[in-house]
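K.L.:
My questions all concern the structure below.
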Amino acid sequence: MAAPGGRFASRPLLHTFIKSISRTGVNKTGDRHISRSNVCRASLQVKNKTDNVASPWTKVGAVCLQRLRVVSQDRSRIEEQFAELMSQMELEQSLVSDHEQRLLEDAERMRRKQADDYDSDEEDDYGGQEIVTAQDLEDTWEQRLKQFEPAPRTNAGDVEDFCSLGRCLTENLVLLVEQMVGREKIWLLPQLQWEEGETLRQTAEKALTIVPEADFKATFLGHAPCGVYKYKFPKELRTESCIGAKVFFFKAILSGNSHSPAPKGPFMWVKKSELKDYLKPAYFEKVNCFILNL
């Protein structure tokens with residue numbers, strides 16, 4: 001009878017031992033349990049420490065403003081041959097139009113007039129009015145076509161005027177501005193230093209509004225930058241808290257009255273093939289990646 005009593009007496013001791021183990025925070029695998037609240041508290045402390053550390057890179061927002069082509073490009077020799085082939089196939093497989101049907105009817109009426117059994121009473125169906133044949137209409141249209149003068153596709157004067165929005169109408173153009181970087185004036189995309197409290201896209205939009213002697217209306221494409229360029233300041237301008245700049249580029253398309261004459265200013269519109277003549281090599285390498293000449 002002593003054995004059962006000993007078994008019952010040992011149970012409180014067993015519960016006390018289990019509770020003491022659970023308080024230590026050790027799980028079944030032997031690893032110490034870390035609560036979620038402790039992890040979140042530690043991550044917030046690390047984040048606050050990193051936020052307090054200022055980045056040595058100055059953030060800059062830039063805009064890649066493009067004026068899309070106004071007229072289509074001239075066809076190549078192969079494109080001309082293909083267009084003629086498609087036009088011939090369409091002509092051979094198409095039905096007779098109303099005008100062509102009228103030409104056939106006029107030709108049949110003229111043949112019947114020249115026949116020996118022609119009856120002049122057939123002309124009474126037209127009420128005695130003067131008959132205007134389809135061939136007469138074609139002659140009139142031909143005279144009007146000779147008097148028509150289409151607008152020129154290119155303007156020789158605007159080709160050399162880099163400030164004009166009318167130059168190179170068959171090409172996409174990119175806006176470049178002349179800005180002071182350090183102690184040197186260089187050509188680059190419109191850019192402005194980022195300020196606290198605004199997004200990088202807002203900085204890029206502001207960079208476009210401060211272009212001297214210009215009022216360009218643009219439509220920005222998205223809120224994410226299309227490219228990043230990082231460069232270091234000259235040694236005499238570097239400090240421990242600022243060693244260089246990171247430029248974030250945003251794409252935009254010229255909108256509004258894009259064909260009005262633009263005043264002269266420290267900016268110019270260039271083709272993609274002309275960018276290398278004005279941009280620094282490293283800067284051009286980054287910009288050339290996201291400018292598409294479609």
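Identifiers in this document derive from the order of the structure tokens: chains are assigned A, B, ..., residues are numbered from 1 separately in each chain, and ligands are numbered from 1 in order of occurrence.
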List every residue of segment 163-208 of chain A that has an atom at most 10 Å from any atom of segment 243-254 of chain A, and for each one report the closest atom pair and its distance in Å to one decimal, counting only C-alpha atoms, with rows sorted by chain and then by increasing residue number, as a Markdown table.

P.N.:
| residue | atom | partner | partner_atom | distance |
| --- | --- | --- | --- | --- |
| A:Leu173 | CA | A:Leu254 | CA | 9.9 |
| A:Val174 | CA | A:Ile253 | CA | 9.5 |
| A:Leu175 | CA | A:Leu254 | CA | 9.7 |
| A:Leu189 | CA | A:Phe249 | CA | 8.7 |
| A:Pro190 | CA | A:Phe249 | CA | 9.5 |
| A:Gln191 | CA | A:Val247 | CA | 8.0 |
| A:Leu192 | CA | A:Val247 | CA | 9.0 |
| A:Gln193 | CA | A:Val247 | CA | 8.8 |
| A:Trp194 | CA | A:Val247 | CA | 9.6 |
| A:Leu200 | CA | A:Phe248 | CA | 7.4 |
| A:Arg201 | CA | A:Phe250 | CA | 6.9 |
| A:Thr203 | CA | A:Phe248 | CA | 9.8 |
| A:Ala204 | CA | A:Phe250 | CA | 6.9 |
| A:Glu205 | CA | A:Phe250 | CA | 9.0 |

K.L.:
From the list A:Gln101, A:Ser273, A:Thr170, A:Thr219, which residue is nearest Cys64 of chain A when using only C-alpha atoms?

P.N.:
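Once distances to Cys64 of chain A are computed over only C-alpha atoms, the minimum belongs to A:Thr219.
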
K.L.:
Could you please determine the separation between atom CA of Trp269 of chain A and atom CA of Phe162 of chain A in Å, to one decimal place?

P.N.:
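Rounded to one decimal, the two atoms are 5.4 Å apart.
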
K.L.:
Skip Leu103 of chain A itself and residues of its chain fewer than 3 positions away, then list as JSON, numbers by chain all residues within 12 Å of it, counting only C-alpha atoms.

P.N.:
{"A": [96, 97, 98, 99, 100, 106, 107, 108, 109, 110, 132, 133, 134, 135, 136, 137, 138]}

K.L.:
Fewer than 2 positions away in the same chain doesn't count, so skip those; otherwise give me all residues within 10 Å of Val270 of chain A, counting only C-alpha atoms, as a PyMOL selection string.

P.N.:
chain A and resi 66-67+162-163+165+167-168+171-176+267-268+272-275+277-278

K.L.:
For a test of reading the model, state the distance in Å between atom CA of Asp161 of chain A and atom CA of Leu208 of chain A, rounded to one decimal.

P.N.:
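Calculated distance between atom CA of Asp161 of chain A and atom CA of Leu208 of chain A is 20.9 Å.
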
K.L.:
When you count only C-alpha atoms, which of these residues is closest to Pro266 of chain A: A:Leu188, A:Ala224, A:Val177, A:Cys289?

P.N.:
A:Val177
